file work-v4.cif (mmCIF, C-alpha atoms)
data_target
loop_
_atom_site.label_atom_id
_atom_site.label_comp_id
_atom_site.auth_asym_id
_atom_site.auth_seq_id
_atom_site.Cartn_x
_atom_site.Cartn_y
_atom_site.Cartn_z
CA MET Y 173 -49.84 -90.48 -91.00
CA ASN Y 174 -46.68 -92.57 -91.00
CA SER Y 175 -44.09 -92.34 -88.23
CA THR Y 176 -41.64 -90.34 -90.36
CA THR Y 177 -44.21 -87.63 -91.19
CA PHE Y 178 -45.31 -87.45 -87.55
CA ALA Y 179 -41.73 -87.02 -86.37
CA ARG Y 180 -41.11 -84.23 -88.89
CA ARG Y 181 -44.28 -82.36 -87.87
CA ALA Y 182 -43.41 -82.77 -84.20
CA ALA Y 183 -39.96 -81.35 -84.82
CA VAL Y 184 -41.40 -78.35 -86.70
CA CYS Y 185 -43.90 -77.75 -83.90
CA ALA Y 186 -41.19 -77.92 -81.24
CA ALA Y 187 -39.01 -75.53 -83.20
CA SER Y 188 -41.89 -73.06 -83.55
CA VAL Y 189 -42.57 -73.19 -79.82
CA ALA Y 190 -38.87 -72.68 -79.10
CA LEU Y 191 -38.70 -69.70 -81.45
CA ALA Y 192 -41.79 -68.14 -79.90
CA ALA Y 193 -40.44 -68.67 -76.40
CA GLY Y 194 -37.11 -67.26 -77.47
CA ALA Y 195 -38.79 -64.18 -78.87
CA LEU Y 196 -40.68 -63.67 -75.63
CA LEU Y 197 -37.54 -64.19 -73.60
CA GLY Y 198 -35.67 -61.83 -75.87
CA LEU Y 199 -38.35 -59.20 -75.40
CA GLY Y 200 -38.15 -59.68 -71.66
CA ALA Y 201 -34.39 -59.37 -71.75
CA THR Y 202 -34.65 -56.19 -73.79
CA GLU Y 203 -37.17 -54.70 -71.39
CA LYS Y 204 -35.03 -55.75 -68.42
CA ALA Y 205 -31.90 -54.26 -69.98
CA ALA Y 206 -33.71 -50.98 -70.44
CA ALA Y 207 -34.80 -51.01 -66.80
CA VAL Y 208 -31.56 -51.82 -65.01
CA THR Y 209 -29.42 -48.78 -65.72
CA PRO Y 210 -28.64 -47.07 -62.40
CA PRO Y 211 -30.04 -43.54 -62.10
CA ALA Y 212 -27.82 -40.65 -63.17
CA TYR Y 213 -27.51 -38.73 -59.93
CA ASP Y 214 -26.64 -35.05 -59.87
CA HIS Y 215 -24.06 -35.79 -57.18
CA VAL Y 216 -22.50 -38.93 -55.72
CA VAL Y 217 -20.17 -38.87 -52.72
CA VAL Y 218 -18.12 -42.02 -52.06
CA ALA Y 219 -16.66 -42.11 -48.54
CA VAL Y 220 -13.98 -44.74 -47.94
CA PHE Y 221 -13.05 -45.94 -44.47
CA GLU Y 222 -10.39 -48.43 -43.39
CA ASN Y 223 -9.66 -51.94 -42.23
CA HIS Y 224 -12.83 -53.18 -40.57
CA SER Y 225 -15.19 -56.02 -41.36
CA TYR Y 226 -18.93 -55.85 -41.83
CA SER Y 227 -19.61 -57.38 -38.42
CA GLU Y 228 -17.34 -54.87 -36.70
CA VAL Y 229 -19.17 -51.86 -38.11
CA VAL Y 230 -22.76 -52.46 -39.24
CA GLY Y 231 -23.32 -56.14 -38.51
CA GLY Y 232 -25.80 -55.21 -35.81
CA SER Y 233 -28.21 -53.78 -38.38
CA ALA Y 234 -28.39 -57.01 -40.39
CA THR Y 235 -31.75 -57.88 -38.81
CA GLY Y 236 -33.32 -55.04 -40.73
CA SER Y 237 -34.42 -53.29 -37.55
CA ALA Y 238 -34.95 -49.56 -38.05
CA VAL Y 239 -33.11 -48.84 -34.82
CA PRO Y 240 -29.69 -50.49 -34.38
CA ILE Y 241 -29.39 -53.25 -31.83
CA SER Y 242 -27.59 -52.40 -28.60
CA GLY Y 243 -24.91 -54.59 -27.11
CA SER Y 244 -21.85 -56.09 -28.74
CA GLY Y 245 -21.11 -55.86 -32.43
CA GLY Y 246 -21.34 -53.21 -35.09
CA ALA Y 247 -24.38 -51.30 -33.87
CA ALA Y 248 -22.85 -50.66 -30.47
CA ALA Y 249 -19.51 -49.50 -31.88
CA ALA Y 250 -20.91 -47.58 -34.87
CA PRO Y 251 -24.44 -46.33 -34.11
CA TYR Y 252 -24.42 -43.74 -36.90
CA LEU Y 253 -23.23 -46.03 -39.68
CA SER Y 254 -25.47 -48.84 -38.41
CA GLY Y 255 -28.40 -46.44 -38.55
CA LEU Y 256 -27.41 -45.34 -42.03
CA ALA Y 257 -27.38 -48.99 -43.10
CA ALA Y 258 -30.79 -49.61 -41.53
CA ALA Y 259 -32.27 -46.58 -43.30
CA GLY Y 260 -30.55 -47.16 -46.65
CA ALA Y 261 -29.44 -50.04 -48.85
CA ASN Y 262 -27.24 -52.29 -46.73
CA PHE Y 263 -25.14 -54.78 -48.73
CA THR Y 264 -24.65 -57.75 -46.44
CA GLN Y 265 -22.31 -59.61 -48.82
CA SER Y 266 -19.86 -56.89 -49.87
CA PHE Y 267 -16.19 -57.76 -50.25
CA ALA Y 268 -12.89 -56.06 -50.92
CA ILE Y 269 -10.64 -57.47 -53.62
CA GLU Y 270 -7.34 -58.07 -51.87
CA HIS Y 271 -4.88 -56.92 -49.20
CA PRO Y 272 -3.35 -54.47 -48.29
CA SER Y 273 -5.02 -51.05 -48.59
CA GLN Y 274 -3.53 -49.35 -51.64
CA PRO Y 275 -4.44 -52.00 -54.24
CA ASN Y 276 -8.08 -51.85 -53.14
CA TYR Y 277 -8.26 -48.08 -53.63
CA LEU Y 278 -6.88 -48.56 -57.14
CA ASP Y 279 -9.38 -51.36 -57.79
CA LEU Y 280 -12.27 -49.13 -56.75
CA PHE Y 281 -11.04 -46.17 -58.78
CA SER Y 282 -9.73 -47.83 -61.94
CA GLY Y 283 -10.91 -51.45 -62.05
CA SER Y 284 -7.40 -52.79 -61.44
CA ASN Y 285 -4.60 -52.60 -58.91
CA GLN Y 286 -2.40 -51.57 -61.85
CA GLY Y 287 0.19 -54.12 -60.74
CA VAL Y 288 0.48 -52.61 -57.26
CA THR Y 289 0.41 -55.20 -54.49
CA SER Y 290 1.79 -53.16 -51.58
CA ASP Y 291 1.38 -49.81 -49.86
CA ASN Y 292 4.64 -48.49 -51.32
CA CYS Y 293 4.64 -44.85 -52.41
CA PRO Y 294 4.74 -43.16 -54.83
CA GLN Y 295 2.95 -44.90 -57.66
CA SER Y 296 2.47 -43.29 -61.06
CA PHE Y 297 0.39 -44.27 -64.10
CA THR Y 298 0.57 -42.55 -67.47
CA GLY Y 299 -2.53 -42.41 -69.65
CA VAL Y 300 -4.36 -45.13 -67.72
CA ALA Y 301 -8.14 -44.71 -67.79
CA ASN Y 302 -9.92 -44.35 -64.47
CA LEU Y 303 -13.18 -43.08 -63.03
CA GLY Y 304 -11.94 -39.51 -62.64
CA SER Y 305 -10.49 -39.17 -66.13
CA ASP Y 306 -13.55 -40.79 -67.70
CA LEU Y 307 -15.95 -38.47 -65.89
CA ILE Y 308 -13.98 -35.43 -66.99
CA GLY Y 309 -13.76 -36.77 -70.54
CA ALA Y 310 -17.55 -37.14 -70.62
CA GLY Y 311 -18.08 -33.54 -69.58
CA LYS Y 312 -18.78 -34.42 -65.95
CA THR Y 313 -16.70 -33.45 -62.92
CA PHE Y 314 -14.65 -35.30 -60.32
CA THR Y 315 -12.91 -34.27 -57.11
CA GLY Y 316 -11.17 -36.23 -54.38
CA TYR Y 317 -11.22 -34.72 -50.89
CA SER Y 318 -8.51 -35.93 -48.49
CA GLU Y 319 -8.56 -34.99 -44.83
CA ALA Y 320 -5.25 -33.71 -43.37
CA MET Y 321 -3.65 -33.33 -46.79
CA PRO Y 322 -1.60 -30.14 -46.35
CA SER Y 323 -2.62 -28.38 -49.57
CA ASP Y 324 -4.62 -28.81 -52.76
CA GLY Y 325 -2.66 -30.71 -55.41
CA TYR Y 326 -0.24 -32.19 -52.85
CA THR Y 327 1.71 -35.19 -54.20
CA GLY Y 328 3.85 -36.15 -51.20
CA CYS Y 329 3.57 -39.63 -49.72
CA SER Y 330 2.54 -38.49 -46.25
CA SER Y 331 2.08 -35.47 -44.05
CA GLY Y 332 0.96 -35.85 -40.45
CA THR Y 333 -2.13 -38.06 -40.54
CA TYR Y 334 -2.49 -37.90 -44.34
CA TYR Y 335 -1.26 -40.82 -46.48
CA ARG Y 336 -1.15 -40.81 -50.26
CA LYS Y 337 -1.70 -44.60 -50.38
CA HIS Y 338 -5.37 -43.87 -49.60
CA ASN Y 339 -5.63 -41.28 -52.38
CA PRO Y 340 -5.68 -43.16 -55.72
CA TRP Y 341 -6.44 -40.26 -58.08
CA VAL Y 342 -3.12 -38.54 -57.37
CA ASN Y 343 -1.35 -41.47 -59.07
CA PHE Y 344 -2.94 -40.89 -62.50
CA ASP Y 345 -1.50 -38.20 -64.76
CA ASN Y 346 -4.85 -37.74 -66.56
CA VAL Y 347 -6.60 -36.56 -63.39
CA PRO Y 348 -5.75 -32.85 -63.03
CA ALA Y 349 -4.16 -31.49 -59.88
CA ALA Y 350 -7.24 -29.31 -59.43
CA SER Y 351 -9.24 -32.47 -58.69
CA ASN Y 352 -6.97 -33.32 -55.74
CA ARG Y 353 -8.33 -31.21 -52.87
CA THR Y 354 -8.15 -31.03 -49.11
CA PHE Y 355 -11.22 -32.00 -47.12
CA ALA Y 356 -11.53 -28.39 -45.99
CA ALA Y 357 -13.00 -27.69 -49.45
CA PHE Y 358 -15.87 -30.16 -48.93
CA PRO Y 359 -19.17 -28.40 -48.07
CA GLN Y 360 -20.12 -28.97 -44.43
CA GLY Y 361 -23.08 -28.46 -42.16
CA PRO Y 362 -26.85 -28.14 -42.69
CA ALA Y 363 -26.47 -24.73 -44.38
CA ALA Y 364 -23.80 -25.93 -46.83
CA ASP Y 365 -24.34 -25.52 -50.56
CA PHE Y 366 -23.96 -29.12 -51.73
CA THR Y 367 -24.91 -28.12 -55.27
CA THR Y 368 -21.30 -26.97 -55.64
CA LEU Y 369 -20.07 -30.56 -55.38
CA PRO Y 370 -18.78 -32.29 -58.52
CA THR Y 371 -20.69 -35.06 -60.23
CA VAL Y 372 -18.71 -37.69 -58.31
CA SER Y 373 -16.45 -37.06 -55.36
CA PHE Y 374 -14.41 -39.32 -53.12
CA VAL Y 375 -14.00 -38.47 -49.44
CA VAL Y 376 -11.07 -39.99 -47.54
CA PRO Y 377 -10.75 -39.27 -43.80
CA ASP Y 378 -7.29 -39.12 -42.23
CA ILE Y 379 -5.50 -42.16 -40.79
CA CYS Y 380 -7.33 -41.79 -37.47
CA ASN Y 381 -10.83 -40.85 -38.55
CA ASP Y 382 -10.90 -43.57 -41.22
CA MET Y 383 -10.62 -46.15 -38.36
CA HIS Y 384 -7.17 -47.31 -39.47
CA ASP Y 385 -5.32 -46.10 -36.38
CA CYS Y 386 -8.28 -45.17 -34.18
CA SER Y 387 -11.44 -46.89 -33.02
CA VAL Y 388 -14.58 -47.70 -34.96
CA SER Y 389 -16.48 -45.28 -32.73
CA THR Y 390 -14.04 -42.49 -33.64
CA GLY Y 391 -14.71 -43.00 -37.34
CA ASP Y 392 -18.43 -43.35 -36.75
CA THR Y 393 -18.56 -40.03 -34.93
CA TRP Y 394 -16.55 -38.41 -37.73
CA ALA Y 395 -19.00 -39.76 -40.31
CA LYS Y 396 -21.98 -38.35 -38.41
CA ASN Y 397 -20.35 -34.96 -37.95
CA HIS Y 398 -19.02 -34.59 -41.51
CA LEU Y 399 -21.28 -36.62 -43.81
CA ASP Y 400 -24.77 -36.61 -42.33
CA ALA Y 401 -25.69 -33.13 -43.54
CA TYR Y 402 -24.95 -34.21 -47.11
CA ALA Y 403 -26.70 -37.57 -46.59
CA GLN Y 404 -29.95 -35.90 -45.51
CA TRP Y 405 -29.74 -33.30 -48.29
CA ALA Y 406 -29.10 -36.03 -50.87
CA LYS Y 407 -32.48 -37.68 -50.24
CA THR Y 408 -34.40 -34.77 -51.72
CA HIS Y 409 -31.84 -33.52 -54.25
CA ASN Y 410 -31.29 -36.45 -56.63
CA SER Y 411 -28.00 -37.33 -54.96
CA LEU Y 412 -26.38 -40.36 -53.35
CA LEU Y 413 -23.96 -41.20 -50.54
CA ILE Y 414 -21.94 -44.41 -50.77
CA VAL Y 415 -20.04 -45.54 -47.68
CA THR Y 416 -17.58 -48.39 -48.08
CA PHE Y 417 -14.28 -49.70 -46.72
CA ASP Y 418 -11.01 -50.48 -48.47
CA GLU Y 419 -10.64 -53.91 -46.85
CA ASP Y 420 -11.51 -55.73 -43.64
CA ASP Y 421 -9.16 -56.59 -40.80
CA ILE Y 422 -6.75 -58.61 -43.02
CA SER Y 423 -8.91 -61.76 -42.92
CA ALA Y 424 -9.23 -64.19 -45.80
CA ALA Y 425 -12.96 -63.43 -46.09
CA ASN Y 426 -12.38 -59.69 -46.62
CA GLN Y 427 -16.05 -58.84 -46.03
CA ILE Y 428 -16.68 -55.11 -45.67
CA PRO Y 429 -19.58 -52.71 -45.08
CA THR Y 430 -21.07 -51.00 -48.13
CA ILE Y 431 -24.08 -48.70 -47.78
CA PHE Y 432 -26.07 -46.67 -50.34
CA TYR Y 433 -28.15 -43.81 -48.94
CA GLY Y 434 -29.96 -41.09 -50.82
CA ALA Y 435 -32.69 -40.22 -53.28
CA GLY Y 436 -34.69 -43.16 -54.62
CA VAL Y 437 -32.77 -45.79 -52.65
CA THR Y 438 -34.95 -48.71 -51.55
CA THR Y 439 -34.30 -49.44 -47.88
CA GLY Y 440 -33.36 -52.97 -46.91
CA ASN Y 441 -30.67 -55.63 -46.71
CA TYR Y 442 -29.27 -56.78 -50.06
CA PRO Y 443 -27.67 -60.25 -50.03
CA GLU Y 444 -26.12 -60.32 -53.50
CA ARG Y 445 -22.34 -60.59 -53.54
CA ILE Y 446 -20.69 -57.32 -54.59
CA ASN Y 447 -17.17 -55.90 -54.49
CA HIS Y 448 -15.22 -52.78 -55.44
CA PHE Y 449 -15.56 -53.62 -59.13
CA SER Y 450 -19.36 -53.77 -58.73
CA VAL Y 451 -19.41 -50.29 -57.20
CA LEU Y 452 -17.14 -48.90 -59.93
CA ARG Y 453 -19.29 -50.50 -62.65
CA THR Y 454 -22.39 -48.94 -61.08
CA LEU Y 455 -20.83 -45.48 -61.13
CA GLU Y 456 -19.67 -45.97 -64.72
CA ASP Y 457 -23.16 -47.03 -65.81
CA MET Y 458 -24.77 -44.06 -64.09
CA TYR Y 459 -23.00 -41.71 -66.49
CA GLY Y 460 -22.53 -43.89 -69.57
CA LEU Y 461 -18.77 -44.19 -69.06
CA PRO Y 462 -16.41 -46.85 -70.43
CA HIS Y 463 -15.92 -49.90 -68.23
CA ASN Y 464 -12.40 -50.04 -66.85
CA GLY Y 465 -10.51 -53.21 -66.02
CA SER Y 466 -12.45 -55.82 -64.07
CA ALA Y 467 -15.46 -53.51 -63.81
CA ALA Y 468 -16.28 -54.58 -67.37
CA ALA Y 469 -17.18 -58.07 -66.16
CA ALA Y 470 -18.89 -56.91 -62.96
CA THR Y 471 -22.65 -56.69 -62.54
CA PRO Y 472 -23.86 -53.16 -61.79
CA ILE Y 473 -25.89 -52.63 -58.65
CA THR Y 474 -29.46 -51.82 -59.70
CA ASP Y 475 -31.85 -53.44 -57.23
CA ALA Y 476 -31.18 -50.75 -54.63
CA PHE Y 477 -32.85 -48.35 -57.07
CA GLY Y 478 -35.98 -50.43 -57.64
CA ALA Y 479 -34.80 -52.85 -60.36
CA GLY Y 480 -34.22 -56.56 -59.83
CA PRO Y 481 -35.13 -58.75 -56.85
CA GLY Y 482 -34.86 -56.00 -54.24
CA PRO Y 483 -33.97 -56.25 -50.56
CA THR Y 484 -34.65 -59.14 -48.19
CA THR Y 485 -36.50 -56.86 -45.75
CA THR Y 486 -39.67 -54.82 -46.18
CA PRO Y 487 -38.64 -51.99 -48.51
CA THR Y 488 -39.29 -48.29 -48.23
CA THR Y 489 -37.91 -45.68 -50.57
CA THR Y 490 -35.95 -42.76 -49.17
CA GLY Y 491 -36.33 -39.30 -50.61
CA SER Y 492 -40.07 -38.86 -50.19
CA GLY Y 493 -39.67 -36.65 -47.15
CA SER Y 494 -41.86 -38.92 -45.00
CA GLY Y 495 -41.13 -41.59 -42.44
CA ALA Y 496 -39.07 -41.54 -39.28
CA LEU Y 497 -35.34 -41.95 -39.45
CA PRO Y 498 -33.40 -44.03 -36.92
CA CYS Y 499 -32.62 -41.98 -33.85
CA VAL Y 500 -28.91 -41.93 -34.60
CA LEU Y 501 -29.60 -40.11 -37.88
CA SER Y 502 -31.60 -37.33 -36.29
CA ALA Y 503 -31.29 -34.95 -33.39
CA CYS Y 504 -32.51 -37.21 -30.59
#

call {"tool": "encode", "arguments": {"input": "work-v4.cif", "output": "structure tokens"}}
result
Amino acid sequence: MNSTTFARRAAVCAASVALAAGALLGLGATEKAAAVTPPAYDHVVVAVFENHSYSEVVGGSATGSAVPISGSGGAAAAPYLSGLAAAGANFTQSFAIEHPSQPNYLDLFSGSNQGVTSDNCPQSFTGVANLGSDLIGAGKTFTGYSEAMPSDGYTGCSSGTYYRKHNPWVNFDNVPAASNRTFAAFPQGPAADFTTLPTVSFVVPDICNDMHDCSVSTGDTWAKNHLDAYAQWAKTHNSLLIVTFDEDDISAANQIPTIFYGAGVTTGNYPERINHFSVLRTLEDMYGLPHNGSAAAATPITDAFGAGPGPTTTPTTTGSGSGALPCVLSAC
């Protein structure tokens, strides 16, 4: 065999190996793509708090301990939310998009700040797609619940401890007024009928209970009193609670707490970098919705549901009805 013939045969062999490897990789990619769609929950509640960094709220649970650490830091100030993080999926590298508050709410709800870079009110967007309008268009349901808002459908900029800048859905003309409700309409307590909730709902505490004007411990107590009944119900009813923050304390890092807790969530600390667009993309993928704005380029969160690399701590899956919860999540 001369050198030319040998080179040709070697090239053909290499090409065949490459094609075979490519086919195998393609098969793997197809299988992976089929496996990474987030579950379609019956109900998702997204609770948004204000202006605190990860370390100020749940940083104390970053060790993966089932019971929050005492002393300084997040666990001491926020025992309930730290316990929720320790018992759920705790995203240790979660970030807001920008400052101040209002643009971040718009980012989370529509994939864009829609050109808004301040907290000025009112804002109004005509025909702009968003999570609420897309859910309704797909035959699903959406409601936003705002604490201290004086009445359902209210469009004023403020009233007492309610501020419209924290209520993004009211700015979009394709989200009906009926979806803009007071928090009094949110089911509460262990005997509440959470099956009446919409497919996706946002919960926004007032300017004190969201930790904007009041302490972390105030907001933490509010979360325990108003969200825990749903959180525990969600574990056995194909439902999910997401707790996140609009932004941190105006730092350049803008690192915030984000926690997933509910049915089928794999407990642990998740180090991948996520942001508001990641959360929006995850919600969109759950229900097969269009991808709005920067959510289109974001990676959906799937490892918390058993796909991908998983957490950095020993995982357990919530929703089985077994296993002890951290003391702060139960009647201790």

call {"tool": "atom_distance", "arguments": {"input": "work-v4.cif", "atom1": "CA of Asp392 (chain Y)", "atom2": "CA of Ser411 (chain Y)"}}
result
21.4 Å

call {"tool": "closest_residue", "arguments": {"input": "work-v4.cif", "among": "Y:Tyr334, Y:Phe477, Y:Phe417, Y:Phe314", "to": "Tyr442 (chain Y)", "atoms": "all atoms listed in the file"}}
result
Y:Phe477

call {"tool": "resolve_selection", "arguments": {"input": "work-v4.cif", "expression": "the PyMOL selection byres ((chain Y and resi 318) around 8)", "output": "list in words"}}
result
Gly316, Tyr317, Glu319, Ala320, Met321, Tyr334, Asn339, Asn352, Arg353, Thr354, Phe355, Val375, Val376, Pro377 and Asp378 of chain Y

call {"tool": "closest_atom_pairs", "arguments": {"input": "work-v4.cif", "of": "region 282-382 of chain Y", "to": "region 460-469 of chain Y", "cutoff": "7 Å", "atoms": "all atoms listed in the file", "output": "CSV"}}
result
residue,atom,partner,partner_atom,distance
Y:Ser282,CA,Y:Asn464,CA,6.0
Y:Gly283,CA,Y:Gly465,CA,4.4
Y:Ser284,CA,Y:Gly465,CA,5.6
Y:Ala301,CA,Y:Asn464,CA,6.9
Y:Asn302,CA,Y:Asn464,CA,6.6
Y:Asp306,CA,Y:Leu461,CA,6.4

call {"tool": "residues_around", "arguments": {"input": "work-v4.cif", "residues": "Pro429 (chain Y)", "least_positions_apart": "2", "cutoff": "10 Å", "atoms": "all atoms listed in the file", "output": "PyMOL selection string"}}
result
chain Y and resi 221+224-231+253-254+257+262-268+415-420+427+431

call {"tool": "atom_distance", "arguments": {"input": "work-v4.cif", "atom1": "CA of Tyr277 (chain Y)", "atom2": "CA of Ile379 (chain Y)"}}
result
14.4 Å

call {"tool": "atom_distance", "arguments": {"input": "work-v4.cif", "atom1": "CA of Leu399 (chain Y)", "atom2": "CA of Asp279 (chain Y)"}}
result
23.5 Å

call {"tool": "closest_residue", "arguments": {"input": "work-v4.cif", "among": "Y:Arg336, Y:Glu222, Y:Ala357, Y:Trp341", "to": "Asp385 (chain Y)", "atoms": "all atoms listed in the file"}}
result
Y:Glu222

call {"tool": "resolve_selection", "arguments": {"input": "work-v4.cif", "expression": "the PyMOL selection byres ((chain Y and resi 363-373) around 8)", "output": "list in words"}}
result
Tyr213, Asp214, His215, Val216, Val217, Val218, Lys312, Thr313, Phe314, Thr315, Gly316, Tyr317, Phe358, Pro359, Gln360, Gly361, Pro362, Phe374, Val375, Tyr402 and Trp405 of chain Y

call {"tool": "write_last_selection", "arguments": {"input": "work-v4.cif", "atoms": "C-alpha atoms", "output": "PDB file, keeping the file's coordinate frame"}}
result
ATOM      1  CA  TYR Y 213     -27.510 -38.730 -59.930  1.00  0.00           C
ATOM      2  CA  ASP Y 214     -26.640 -35.050 -59.870  1.00  0.00           C
ATOM      3  CA  HIS Y 215     -24.060 -35.790 -57.180  1.00  0.00           C
ATOM      4  CA  VAL Y 216     -22.500 -38.930 -55.720  1.00  0.00           C
ATOM      5  CA  VAL Y 217     -20.170 -38.870 -52.720  1.00  0.00           C
ATOM      6  CA  VAL Y 218     -18.120 -42.020 -52.060  1.00  0.00           C
ATOM      7  CA  LYS Y 312     -18.780 -34.420 -65.950  1.00  0.00           C
ATOM      8  CA  THR Y 313     -16.700 -33.450 -62.920  1.00  0.00           C
ATOM      9  CA  PHE Y 314     -14.650 -35.300 -60.320  1.00  0.00           C
ATOM     10  CA  THR Y 315     -12.910 -34.270 -57.110  1.00  0.00           C
ATOM     11  CA  GLY Y 316     -11.170 -36.230 -54.380  1.00  0.00           C
ATOM     12  CA  TYR Y 317     -11.220 -34.720 -50.890  1.00  0.00           C
ATOM     13  CA  PHE Y 358     -15.870 -30.160 -48.930  1.00  0.00           C
ATOM     14  CA  PRO Y 359     -19.170 -28.400 -48.070  1.00  0.00           C
ATOM     15  CA  GLN Y 360     -20.120 -28.970 -44.430  1.00  0.00           C
ATOM     16  CA  GLY Y 361     -23.080 -28.460 -42.160  1.00  0.00           C
ATOM     17  CA  PRO Y 362     -26.850 -28.140 -42.690  1.00  0.00           C
ATOM     18  CA  PHE Y 374     -14.410 -39.320 -53.120  1.00  0.00           C
ATOM     19  CA  VAL Y 375     -14.000 -38.470 -49.440  1.00  0.00           C
ATOM     20  CA  TYR Y 402     -24.950 -34.210 -47.110  1.00  0.00           C
ATOM     21  CA  TRP Y 405     -29.740 -33.300 -48.290  1.00  0.00           C
TER      22      TRP Y 405
END

call {"tool": "closest_residue", "arguments": {"input": "work-v4.cif", "among": "Y:Val342, Y:Leu303, Y:Ala424, Y:Ala395", "to": "Glu270 (chain Y)", "atoms": "all atoms listed in the file"}}
result
Y:Ala424

call {"tool": "closest_residue", "arguments": {"input": "work-v4.cif", "among": "Y:Ala476, Y:Ala435, Y:Ile308, Y:Met458", "to": "Thr408 (chain Y)", "atoms": "all atoms listed in the file"}}
result
Y:Ala435

call {"tool": "residues_around", "arguments": {"input": "work-v4.cif", "residues": "Ala403 (chain Y)", "least_positions_apart": "5", "cutoff": "8 Å", "atoms": "all atoms listed in the file", "output": "number ranges by chain"}}
result
Y: 412-413, 433-434

call {"tool": "axis_aligned_box", "arguments": {"input": "work-v4.cif", "around": "region 359-366 of chain Y", "padding_each_side": "4 Å", "output": "lines of an AutoDock Vina configuration file"}}
result
center_x = -23.0
center_y = -26.9
center_z = -46.9
size_x = 15.7
size_y = 12.4
size_z = 17.6

call {"tool": "closest_residue", "arguments": {"input": "work-v4.cif", "among": "Y:Val300, Y:Cys380, Y:Cys386, Y:Ile428", "to": "Asn346 (chain Y)", "atoms": "only C-alpha atoms"}}
result
Y:Val300

call {"tool": "closest_residue", "arguments": {"input": "work-v4.cif", "among": "Y:Ala219, Y:Ala250, Y:Ala258, Y:Val347", "to": "Ser387 (chain Y)", "atoms": "only C-alpha atoms"}}
result
Y:Ala250

call {"tool": "residues_near_point", "arguments": {"input": "work-v4.cif", "point": "(3.3, -41.6, -57.0)", "cutoff": "12 Å", "atoms": "all atoms listed in the file", "output": "VMD selection string"}}
result
chain Y and resid 274 288 291 to 298 326 to 330 335 to 345

call {"tool": "decode", "arguments": {"input": "work-v4.cif", "residues": "region 297-309 of chain Y", "atoms": "N, CA and C atoms", "output": "short mmCIF file (atom, residue, chain, number, x, y, z; two decimals), in the first residue's frame"}}
result
data_model
loop_
_atom_site.label_atom_id
_atom_site.label_comp_id
_atom_site.auth_asym_id
_atom_site.auth_seq_id
_atom_site.Cartn_x
_atom_site.Cartn_y
_atom_site.Cartn_z
N PHE Y 297 -47.88 49.19 29.18
CA PHE Y 297 -47.40 48.50 27.98
C PHE Y 297 -48.58 47.89 27.24
N THR Y 298 -48.67 48.21 25.96
CA THR Y 298 -49.78 47.77 25.13
C THR Y 298 -49.38 46.57 24.28
N GLY Y 299 -50.07 45.46 24.46
CA GLY Y 299 -49.85 44.29 23.61
C GLY Y 299 -48.51 43.61 23.79
N VAL Y 300 -47.83 43.85 24.90
CA VAL Y 300 -46.51 43.25 25.13
C VAL Y 300 -46.70 41.91 25.84
N ALA Y 301 -46.15 40.87 25.25
CA ALA Y 301 -46.30 39.52 25.82
C ALA Y 301 -45.62 39.42 27.17
N ASN Y 302 -46.18 38.62 28.04
CA ASN Y 302 -45.65 38.43 29.39
C ASN Y 302 -46.15 37.09 29.92
N LEU Y 303 -45.66 36.70 31.07
CA LEU Y 303 -46.03 35.41 31.62
C LEU Y 303 -47.53 35.28 31.83
N GLY Y 304 -48.16 36.31 32.37
CA GLY Y 304 -49.59 36.25 32.63
C GLY Y 304 -50.41 36.11 31.37
N SER Y 305 -50.13 36.94 30.37
CA SER Y 305 -50.90 36.89 29.13
C SER Y 305 -50.67 35.58 28.39
N ASP Y 306 -49.44 35.06 28.45
CA ASP Y 306 -49.15 33.80 27.77
C ASP Y 306 -49.85 32.61 28.44
N LEU Y 307 -49.87 32.61 29.76
CA LEU Y 307 -50.60 31.55 30.46
C LEU Y 307 -52.08 31.56 30.09
N ILE Y 308 -52.67 32.73 30.12
CA ILE Y 308 -54.09 32.85 29.79
C ILE Y 308 -54.35 32.45 28.34
N GLY Y 309 -53.44 32.87 27.44
CA GLY Y 309 -53.58 32.51 26.04
C GLY Y 309 -53.46 31.02 25.78
#
